[in-house]
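Written out below as structure tokens is the structure these notes cover.
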Protein chains: 2
Amino acid sequence: MSMVSIKDVAARAGVSPGTVSNVLNRPEKVAGSTRDRVETVIRELGFVRHGSASTLRAGHSRTVGLSVMDIGNPFFTDVAAGVEDLASERGYAVILGNSSGSRVKEERNLLVFAEQRVRGVLITPSDEDQTRLDMLRGRGIAVVLVDHPAERADQCAVAVNDVTGGTMAVDHLLAGGFDSIAYITGPSSLRQCQDRRRGAERALAAAGRDPQELREVSMPAMTAAAGQQAAEKLLAQDRLPDALFCANDLLAVGMLRGLLQGGVRVPDDVSLIGYDDIDFASATTVSLSSIRQPTYQLGRVATELLLDECDNPDTHAHQQIMFQPDLVVRESTR
Amino acid sequence: MSMVSIKDVAARAGVSPGTVSNVLNRPEKVAGSTRDRVETVIRELGFVRHGSASTLRAGHSRTVGLSVMDIGNPFFTDVAAGVEDLASERGYAVILGNSSGSRVKEERNLLVFAEQRVRGVLITPSDEDQTRLDMLRGRGIAVVLVDHPAERADQCAVAVNDVTGGTMAVDHLLAGGFDSIAYITGPSSLRQCQDRRRGAERALAAAGRDPQELREVSMPAMTAAAGQQAAEKLLAQDRLPDALFCANDLLAVGMLRGLLQGGVRVPDDVSLIGYDDIDFASATTVSLSSIRQPTYQLGRVATELLLDECDNPDTHAHQQIMFQPDLVVRESTR
DNA sequence: GACACTGATTAAAACGTAACAATCACAGAT
DNA sequence: ATCTGTGATTGTTACGTTTTAATCAGTGTC
């Protein structure tokens with residue numbers, strides 16, 4: 001219980017608390033001999049800096065917040081891996097918040113970030129409401145959008161072109177000669193879902209077809225469980241589409257499971273393509289065609305921008321980066 | 001930039017800072033009318049409590065640390081979901097640290113936890129070294145072991161019986177009449193890997209066979225990539241085993257992929273069983289038999305114990321909880 | 001021997017909050 | 001009119017660190 005403070009270290013080493021603080025934060029300012037002495041005492045006493053006291057006095061912490069929509073989705077864990085790698089290289093700690101797609105949970109996470117006085121926040125926003133983010137910025141907290149393009153120029157953002165991705169997916173399905181195509185999607189409030197749909201419609205239009213004929217099955221979540229329910233919905237209808245475009249791989253995995261259980265053969269009866277190209281996509285019953293995104297890079301680059309904004313606020317120039325997705329063809333569309 | 005503090009709120013509401021603090025922490029101590037007034041001012045000014053100042057003064061924070069071995073493994077994200085759900089129900093925030101199986105990263109995460117003065121730590125330890133955990137306890141930080149039994153009685157721990165699980169898996173394989181069985185495992189330093197092996201050997205012994213005949217392929221990581229490499233190793237050997245027991249499902253997924261690519265049929269040529277029963281296990285090319293663990297519960301119960309130790313330190317009694325695993329049979333062992 | 005200069009160290013003042021003892025206002029009892 | 005008790009509020013102190021200005025001890029110069 002007896003916390004050892006910077007004063008205890010100072011007393012034991014025969015220096016002032018200020019010197020110990022210098023050893024910790026500006027080692028070059030203190031003479032080699034005293035530095036060594038202080039460092040041994042720190043080790044002897046097992047001193048650990050009180051982060052809160054430090055943050056309070058310094059006015060800022062060495063942590064960043066990361067808010068993701070679904071920690072159970074490998075897409076986001078890959079992003080998180082990229083964030084954490086770069087952050088810890090730069091000596092920052094990451095506080096991870098999972099909103100599970102719920103607005104209130106996201107709000108609560110942002111509140112925690114604000115209370116902890118994180119240096120910056122990386123967020124995959126679950127809606128288009130910018131006011132909460134502006135609130136953070138007003139508090140001097142840098143905000144970078146992840147997997148979301150910026151509609152304004154006064155912020156950094158890193159995204160992947162989802163319209164292009166949607167077009168790629170449906171172009172690929174159309175090339176297979178499929179007639180009726182359905183789009184299996186999550187909440188239509190999600191920009192990702194909207195954009196991928198727009199891309200899909202664009203592909204139809206480019207092929208000289210009516211974008212309106214794209215059937216849609218919308219689910220409240222983008223999980224495997226939701227995908228399976230979508231399959232049941234589809235099977236209950238009279239006529240099955242020829243090809244399915246799922247808004248992410250989890251939906252596709254669940255859809256695949258549901259279809260097979262319903263006796264539908266993939267790709268013989270129905271073709272199927274997902275989105276994200278998560279690691280498991282190549283391991284499913286029928287391996288999944290998908291749209292690959294540079295996921296890890298997404299997290300890493302976003303963090304790069306965030307830390308630049310934090311550490312060089314004067315020279316920092318906001319950037320909006322847009323990656324391009326890739327088509328990965330596997331069995332489910334052969 | 002201009003941070004609004006408790007004093008600003010107090011001035012605007014015409015009360016003392018102490019009263020504002022009371023509104024925040026012991027609302028029942030303050031008269032209804034003043035409470036309402038203060039609360040409106042808080043909203044008007046957009047005041048957010050300075051968590052660091054609060055922690056510094058109060059001597060403890062409202063956060064717990066969670067250190068997992070591999071955030072890319074669905075097993076751990078399920079555990080994390082359980083932890084986060086209960087923690088946020090109780091008003092605690094979770095700081096998630098991913099050690100990626102590296103001892104130094106785990107150490108670094110624990111240091112961050114100590115600096116942040118978290119109230120408690122939940123950890124899936126990556127080795128048997130208790131000194132670092134005792135160090136935390138010495139600082140007044142509660143520690144609960146997750147997915148790891150306690151060898152001492154002075155701590156809480158929540159685990160699943162891995163020896164039983166290993167026995168179940170190999171019992172099941174033996175019941176299929178398989179002759180030569182191999183154990184595909186991660187680092188042998190991991191208790192999980194050891195215990196599951198012991199369980200496997202026990203099953204062999206109980207069947208009147210020599211436990212020594214269990215072949216072993218040990219990989220440095222427990223990922224799908226490692227599983228695929230293990231498959232290549234196995235295929236390079238002259239004779240393939242009849243059945244494979246993989247120490248977790250990620251290894252099994254990779255193994256499955258590797259075997260199929262090598263032209264080996266599952267389960268016709270080789271039977272395969274994994275461990276954890278992650279969500280994807282039922283969606284793989286050949287659906288995976290596995291050993292199911294109460295993963296979400298593991299995280300939830302561990303957090304329950306941790307918060308009890310934090311909030312009721314005097315009445316708290318340390319508990320060691322051991323869950324039992326279940327066998328799930330699917331195609332890969334039919 | 002006084003001087004300025006340099007590099008190393010220190011003393012002291014914050015940072016925003018929680019907690020405790022002290023004060024206050026006021027009603028009811030004597 | 002005084003006292004007591006109660007509930008509401010306030011003043012003050014301390015938490016552990018960082019930071020700035022001030023002090024100190026040398027070293028070399030004129």
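Residues are named by chain letter and number: chains run A, B, ... in the order of the structure tokens, numbers start at 1 in each chain, and ligands are numbered from 1 in the order shown.
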Neighbours of chain B in chain A at 8 Å, counting only C-alpha atoms, as a VMD selection string | chain A and resid 1 to 3 48 to 53 55 to 56 71 to 72 74 77 to 78 93 to 97 111 to 112 114 to 117 138 to 140 253 to 254 256 to 257 280 283 to 287
Neighbours of chain B in chain D at 9 Å, counting only C-alpha atoms (C1' of nucleotides), as a PyMOL selection string | chain D and resi 7-10+14-16
With N, CA, C and O atoms (P, O5', C5', C4', C3', O3' and C1' of nucleotides) retained, export the selected residues as a CSV table (one decimal), in the first residue's frame.
```csv
chain,number,residue,atom,x,y,z
D,7,DG,P,-30.9,14.9,9.4
D,7,DG,O5',-31.0,15.7,8.1
D,7,DG,C5',-31.9,16.9,8.0
D,7,DG,C4',-31.2,17.9,7.2
D,7,DG,C3',-30.4,17.4,6.0
D,7,DG,O3',-30.8,18.1,4.8
D,7,DG,C1',-29.1,18.8,7.3
D,8,DA,P,-30.1,17.9,3.4
D,8,DA,O5',-29.2,19.2,3.3
D,8,DA,C5',-29.9,20.5,3.4
D,8,DA,C4',-28.8,21.5,3.2
D,8,DA,C3',-28.0,21.4,2.0
D,8,DA,O3',-28.0,22.6,1.3
D,8,DA,C1',-26.6,21.7,3.9
D,9,DT,P,-27.2,22.8,-0.1
D,9,DT,O5',-25.8,23.4,0.4
D,9,DT,C5',-25.8,24.7,1.0
D,9,DT,C4',-24.4,24.9,1.6
D,9,DT,C3',-23.3,24.9,0.6
D,9,DT,O3',-22.9,26.3,0.3
D,9,DT,C1',-22.7,23.9,2.6
D,10,DT,P,-21.7,26.6,-0.7
D,10,DT,O5',-20.5,26.7,0.4
D,10,DT,C5',-20.5,27.6,1.4
D,10,DT,C4',-19.3,27.5,2.3
D,10,DT,C3',-18.0,27.7,1.5
D,10,DT,O3',-17.1,28.6,2.2
D,10,DT,C1',-17.9,25.7,2.8
D,14,DA,P,-1.7,19.4,4.7
D,14,DA,O5',-1.8,18.2,3.8
D,14,DA,C5',-2.7,17.2,4.0
D,14,DA,C4',-2.9,16.4,2.7
D,14,DA,C3',-1.6,16.1,1.9
D,14,DA,O3',-1.5,14.7,1.7
D,14,DA,C1',-3.2,17.1,0.5
D,15,DC,P,-0.1,14.1,1.2
D,15,DC,O5',-0.4,13.3,-0.1
D,15,DC,C5',-1.7,12.6,-0.2
D,15,DC,C4',-2.0,12.5,-1.7
D,15,DC,C3',-0.7,12.5,-2.6
D,15,DC,O3',-0.4,11.1,-2.8
D,15,DC,C1',-2.5,13.9,-3.5
D,16,DG,P,1.1,10.7,-2.7
D,16,DG,O5',1.8,11.1,-4.1
D,16,DG,C5',1.3,10.4,-5.2
D,16,DG,C4',1.9,11.1,-6.4
D,16,DG,C3',3.4,11.2,-6.4
D,16,DG,O3',3.9,10.8,-7.7
D,16,DG,C1',2.5,13.3,-6.7
```
Which residues are close to Asp249 (chain B), i.e. within 8 Å by only C-alpha atoms (C1' of nucleotides), leaving aside same-chain residues fewer than 5 positions away? Reply as a compact mmCIF listing (two decimals) with N, CA and C atoms, in the first residue's frame.
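This is the output file selection-v6.txt:
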```
# COMPACT_ATOMS: atom_id res chain seq x y z
N GLY B 274 -10.10 -29.50 -32.76
CA GLY B 274 -9.45 -28.29 -32.24
C GLY B 274 -9.80 -28.04 -30.79
N TYR B 275 -9.69 -26.80 -30.36
CA TYR B 275 -9.95 -26.46 -28.97
C TYR B 275 -10.38 -24.99 -28.89
N ASP B 276 -11.43 -24.74 -28.16
CA ASP B 276 -12.00 -23.40 -27.86
C ASP B 276 -13.41 -23.26 -28.42
N ASP B 277 -13.68 -23.97 -29.53
CA ASP B 277 -14.95 -23.80 -30.23
C ASP B 277 -15.25 -22.35 -30.51
N ILE B 278 -14.35 -21.70 -31.20
CA ILE B 278 -14.61 -20.32 -31.62
C ILE B 278 -15.75 -20.33 -32.63
N ALA B 281 -15.49 -22.08 -35.98
CA ALA B 281 -15.22 -23.51 -36.06
C ALA B 281 -16.32 -24.23 -36.82
N SER B 290 -14.51 -29.66 -31.79
CA SER B 290 -13.72 -28.82 -30.90
C SER B 290 -14.12 -29.04 -29.44
```
Spatial neighbours of region 201-215 of chain A, max dist 12 Å, only C-alpha atoms (C1' of nucleotides), sep filter under 2 positions, as a PyMOL selection string = chain A and resi 162-175+177-185+194-199+217-218+234+239-246
Selected residues written out, N, CA and C atoms, as a short mmCIF file (atom, residue, chain, number, x, y, z; two decimals), in the first residue's frame:
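The result, written out as selection_39.cif:
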```cif
data_model
loop_
_atom_site.label_atom_id
_atom_site.label_comp_id
_atom_site.auth_asym_id
_atom_site.auth_seq_id
_atom_site.Cartn_x
_atom_site.Cartn_y
_atom_site.Cartn_z
N ASP A 162 -15.03 2.54 -50.42
CA ASP A 162 -16.05 1.50 -50.35
C ASP A 162 -16.94 1.45 -51.58
N VAL A 163 -17.07 2.60 -52.25
CA VAL A 163 -17.86 2.60 -53.48
C VAL A 163 -17.15 1.74 -54.53
N THR A 164 -15.86 1.99 -54.69
CA THR A 164 -15.07 1.16 -55.60
C THR A 164 -15.18 -0.32 -55.24
N GLY A 165 -15.09 -0.60 -53.93
CA GLY A 165 -15.17 -1.98 -53.47
C GLY A 165 -16.50 -2.61 -53.86
N GLY A 166 -17.57 -1.87 -53.66
CA GLY A 166 -18.89 -2.39 -54.01
C GLY A 166 -19.00 -2.65 -55.50
N THR A 167 -18.43 -1.72 -56.28
CA THR A 167 -18.45 -1.90 -57.74
C THR A 167 -17.67 -3.15 -58.14
N MET A 168 -16.48 -3.30 -57.55
CA MET A 168 -15.65 -4.48 -57.83
C MET A 168 -16.41 -5.77 -57.58
N ALA A 169 -17.07 -5.81 -56.44
CA ALA A 169 -17.78 -7.03 -56.06
C ALA A 169 -18.86 -7.36 -57.07
N VAL A 170 -19.67 -6.37 -57.41
CA VAL A 170 -20.80 -6.65 -58.30
C VAL A 170 -20.34 -6.82 -59.75
N ASP A 171 -19.32 -6.08 -60.15
CA ASP A 171 -18.71 -6.31 -61.47
C ASP A 171 -18.33 -7.79 -61.60
N HIS A 172 -17.69 -8.28 -60.55
CA HIS A 172 -17.25 -9.67 -60.56
C HIS A 172 -18.43 -10.64 -60.68
N LEU A 173 -19.50 -10.33 -59.94
CA LEU A 173 -20.68 -11.19 -60.00
C LEU A 173 -21.31 -11.13 -61.40
N LEU A 174 -21.38 -9.90 -61.94
CA LEU A 174 -21.98 -9.74 -63.27
C LEU A 174 -21.17 -10.48 -64.33
N ALA A 175 -19.84 -10.46 -64.14
CA ALA A 175 -18.97 -11.16 -65.10
C ALA A 175 -19.28 -12.66 -65.11
N GLY A 177 -22.11 -13.81 -65.11
CA GLY A 177 -23.34 -13.98 -65.86
C GLY A 177 -24.58 -14.12 -64.99
N PHE A 178 -24.52 -13.66 -63.76
CA PHE A 178 -25.67 -13.82 -62.87
C PHE A 178 -26.72 -12.76 -63.15
N ASP A 179 -27.93 -13.17 -63.03
CA ASP A 179 -29.03 -12.29 -63.37
C ASP A 179 -29.49 -11.48 -62.17
N SER A 180 -30.08 -12.17 -61.19
CA SER A 180 -30.61 -11.43 -60.05
C SER A 180 -29.60 -11.43 -58.90
N ILE A 181 -29.31 -10.24 -58.42
CA ILE A 181 -28.30 -10.08 -57.37
C ILE A 181 -28.94 -9.44 -56.15
N ALA A 182 -28.60 -9.95 -54.98
CA ALA A 182 -29.10 -9.33 -53.75
C ALA A 182 -27.94 -8.82 -52.92
N TYR A 183 -28.22 -7.74 -52.20
CA TYR A 183 -27.22 -7.11 -51.33
C TYR A 183 -27.64 -7.38 -49.89
N ILE A 184 -26.79 -8.12 -49.16
CA ILE A 184 -27.07 -8.42 -47.75
C ILE A 184 -26.28 -7.43 -46.93
N THR A 185 -26.97 -6.61 -46.17
CA THR A 185 -26.28 -5.49 -45.54
C THR A 185 -26.61 -5.35 -44.06
N GLN A 194 -23.90 1.94 -46.91
CA GLN A 194 -24.42 2.82 -47.96
C GLN A 194 -23.50 2.86 -49.17
N ASP A 195 -22.20 3.09 -48.89
CA ASP A 195 -21.24 3.26 -49.98
C ASP A 195 -21.10 1.98 -50.79
N ARG A 196 -21.04 0.86 -50.10
CA ARG A 196 -20.89 -0.41 -50.83
C ARG A 196 -22.12 -0.64 -51.70
N ARG A 197 -23.25 -0.22 -51.19
CA ARG A 197 -24.46 -0.34 -51.99
C ARG A 197 -24.39 0.57 -53.22
N ARG A 198 -23.96 1.79 -53.01
CA ARG A 198 -23.85 2.71 -54.14
C ARG A 198 -22.91 2.15 -55.20
N GLY A 199 -21.82 1.55 -54.72
CA GLY A 199 -20.89 0.94 -55.66
C GLY A 199 -21.54 -0.18 -56.44
N VAL A 217 -31.41 -7.22 -48.42
CA VAL A 217 -31.80 -7.76 -47.12
C VAL A 217 -30.98 -7.03 -46.09
N SER A 218 -31.66 -6.27 -45.24
CA SER A 218 -30.94 -5.45 -44.26
C SER A 218 -31.07 -6.04 -42.87
N LEU A 234 -34.08 -15.24 -46.52
CA LEU A 234 -33.97 -15.45 -47.96
C LEU A 234 -34.63 -16.76 -48.37
N ARG A 239 -38.37 -17.14 -54.44
CA ARG A 239 -37.31 -17.34 -55.43
C ARG A 239 -35.98 -16.82 -54.87
N LEU A 240 -34.93 -17.62 -54.98
CA LEU A 240 -33.62 -17.23 -54.49
C LEU A 240 -32.89 -16.41 -55.57
N PRO A 241 -32.13 -15.39 -55.16
CA PRO A 241 -31.30 -14.68 -56.14
C PRO A 241 -30.21 -15.61 -56.67
N ASP A 242 -29.58 -15.21 -57.78
CA ASP A 242 -28.48 -16.01 -58.33
C ASP A 242 -27.18 -15.76 -57.59
N ALA A 243 -27.04 -14.54 -57.10
CA ALA A 243 -25.77 -14.16 -56.48
C ALA A 243 -26.02 -13.20 -55.32
N LEU A 244 -25.16 -13.32 -54.31
CA LEU A 244 -25.31 -12.49 -53.11
C LEU A 244 -24.03 -11.71 -52.86
N PHE A 245 -24.20 -10.44 -52.54
CA PHE A 245 -23.08 -9.60 -52.14
C PHE A 245 -23.32 -9.21 -50.69
N CYS A 246 -22.45 -9.71 -49.78
CA CYS A 246 -22.61 -9.41 -48.36
C CYS A 246 -21.71 -8.24 -47.97
#
```
Could you list, as a PyMOL selection string, the residues of chain C having an atom within 6 Å of chain B when counting only C-alpha atoms (C1' of nucleotides)?
-> chain C and resi 16-18
Just the selected residues (all heavy atoms), exported as a compact mmCIF listing (two decimals), in the first residue's frame, please.
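What ended up in part_3.txt:
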```
# COMPACT_ATOMS: atom_id res chain seq x y z
P DG C 16 -6.47 23.22 -13.91
OP1 DG C 16 -6.94 23.29 -15.29
OP2 DG C 16 -6.48 24.41 -13.05
O5' DG C 16 -7.31 22.08 -13.16
C5' DG C 16 -7.39 20.80 -13.77
C4' DG C 16 -8.06 19.85 -12.81
O4' DG C 16 -7.23 19.69 -11.64
C3' DG C 16 -9.43 20.32 -12.31
O3' DG C 16 -10.32 19.23 -12.39
C2' DG C 16 -9.15 20.75 -10.87
C1' DG C 16 -8.01 19.83 -10.48
N9 DG C 16 -7.13 20.35 -9.45
C8 DG C 16 -6.74 21.64 -9.28
N7 DG C 16 -5.91 21.81 -8.27
C5 DG C 16 -5.75 20.54 -7.76
C6 DG C 16 -4.96 20.08 -6.66
O6 DG C 16 -4.24 20.74 -5.91
N1 DG C 16 -5.08 18.70 -6.48
C2 DG C 16 -5.86 17.87 -7.27
N2 DG C 16 -5.84 16.59 -6.96
N3 DG C 16 -6.59 18.29 -8.29
C4 DG C 16 -6.49 19.62 -8.48
P DT C 17 -11.83 19.34 -11.88
OP1 DT C 17 -12.68 18.66 -12.86
OP2 DT C 17 -12.10 20.74 -11.51
O5' DT C 17 -11.79 18.45 -10.59
C5' DT C 17 -11.52 17.06 -10.72
C4' DT C 17 -11.05 16.50 -9.42
O4' DT C 17 -10.12 17.41 -8.81
C3' DT C 17 -12.14 16.30 -8.37
O3' DT C 17 -12.50 14.94 -8.39
C2' DT C 17 -11.49 16.71 -7.05
C1' DT C 17 -10.07 17.12 -7.44
N1 DT C 17 -9.58 18.33 -6.75
C2 DT C 17 -8.80 18.17 -5.63
O2 DT C 17 -8.52 17.09 -5.16
N3 DT C 17 -8.36 19.35 -5.07
C4 DT C 17 -8.62 20.63 -5.51
O4 DT C 17 -8.17 21.61 -4.92
C5 DT C 17 -9.44 20.73 -6.69
C7 DT C 17 -9.79 22.07 -7.25
C6 DT C 17 -9.88 19.59 -7.25
P DA C 18 -13.74 14.44 -7.49
OP1 DA C 18 -14.14 13.14 -8.05
OP2 DA C 18 -14.70 15.54 -7.36
O5' DA C 18 -13.06 14.17 -6.08
C5' DA C 18 -12.12 13.14 -5.97
C4' DA C 18 -11.72 12.90 -4.52
O4' DA C 18 -11.09 14.09 -3.99
C3' DA C 18 -12.86 12.57 -3.55
O3' DA C 18 -12.33 11.64 -2.63
C2' DA C 18 -13.17 13.93 -2.91
C1' DA C 18 -11.80 14.57 -2.87
N9 DA C 18 -11.77 16.04 -3.01
C8 DA C 18 -12.52 16.81 -3.86
N7 DA C 18 -12.24 18.10 -3.80
C5 DA C 18 -11.24 18.16 -2.85
C6 DA C 18 -10.51 19.25 -2.33
N6 DA C 18 -10.68 20.51 -2.71
N1 DA C 18 -9.58 18.98 -1.38
C2 DA C 18 -9.40 17.70 -1.01
N3 DA C 18 -10.02 16.60 -1.43
C4 DA C 18 -10.94 16.91 -2.36
```
Hey, what's within 10 Å of DA25 (chain D) if we count only C-alpha atoms (C1' of nucleotides) and toss same-chain stuff fewer than 2 positions away? As a list of chain:residue names, please?
-> C:DG7, C:DA8, C:DT9, D:DT23, D:DT27
Output for the residues just chosen: N, CA and C atoms (P, O5', C5', C4', C3', O3' and C1' of nucleotides) as a compact mmCIF listing (two decimals), in the first residue's frame:
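What follows is the written file again.txt:
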```txt
# COMPACT_ATOMS: atom_id res chain seq x y z
P DG C 7 27.13 25.04 -20.88
O5' DG C 7 27.10 23.90 -19.78
C5' DG C 7 28.29 23.59 -19.05
C4' DG C 7 27.88 22.96 -17.74
C3' DG C 7 26.65 22.04 -17.85
O3' DG C 7 26.92 20.85 -17.15
C1' DG C 7 26.28 23.70 -16.20
P DA C 8 25.80 19.72 -16.95
O5' DA C 8 25.38 19.95 -15.43
C5' DA C 8 26.40 19.91 -14.43
C4' DA C 8 25.76 20.05 -13.06
C3' DA C 8 24.57 19.12 -12.81
O3' DA C 8 24.75 18.52 -11.54
C1' DA C 8 23.97 21.37 -12.38
P DT C 9 23.67 17.44 -11.02
O5' DT C 9 22.75 18.34 -10.10
C5' DT C 9 23.30 18.89 -8.90
C4' DT C 9 22.34 19.91 -8.34
C3' DT C 9 21.01 19.36 -7.85
O3' DT C 9 21.05 19.29 -6.43
C1' DT C 9 20.82 21.49 -8.91
P DT D 23 17.94 33.75 -5.56
O5' DT D 23 18.89 32.49 -5.35
C5' DT D 23 18.46 31.40 -4.54
C4' DT D 23 19.44 30.27 -4.74
C3' DT D 23 20.89 30.62 -4.40
O3' DT D 23 21.32 29.78 -3.34
C1' DT D 23 20.73 29.42 -6.44
P DT D 27 36.77 23.33 -11.42
O5' DT D 27 36.86 24.16 -12.77
C5' DT D 27 35.67 24.42 -13.54
C4' DT D 27 36.04 25.37 -14.67
C3' DT D 27 37.53 25.70 -14.80
O3' DT D 27 37.87 25.79 -16.17
C1' DT D 27 36.29 27.68 -14.43
```
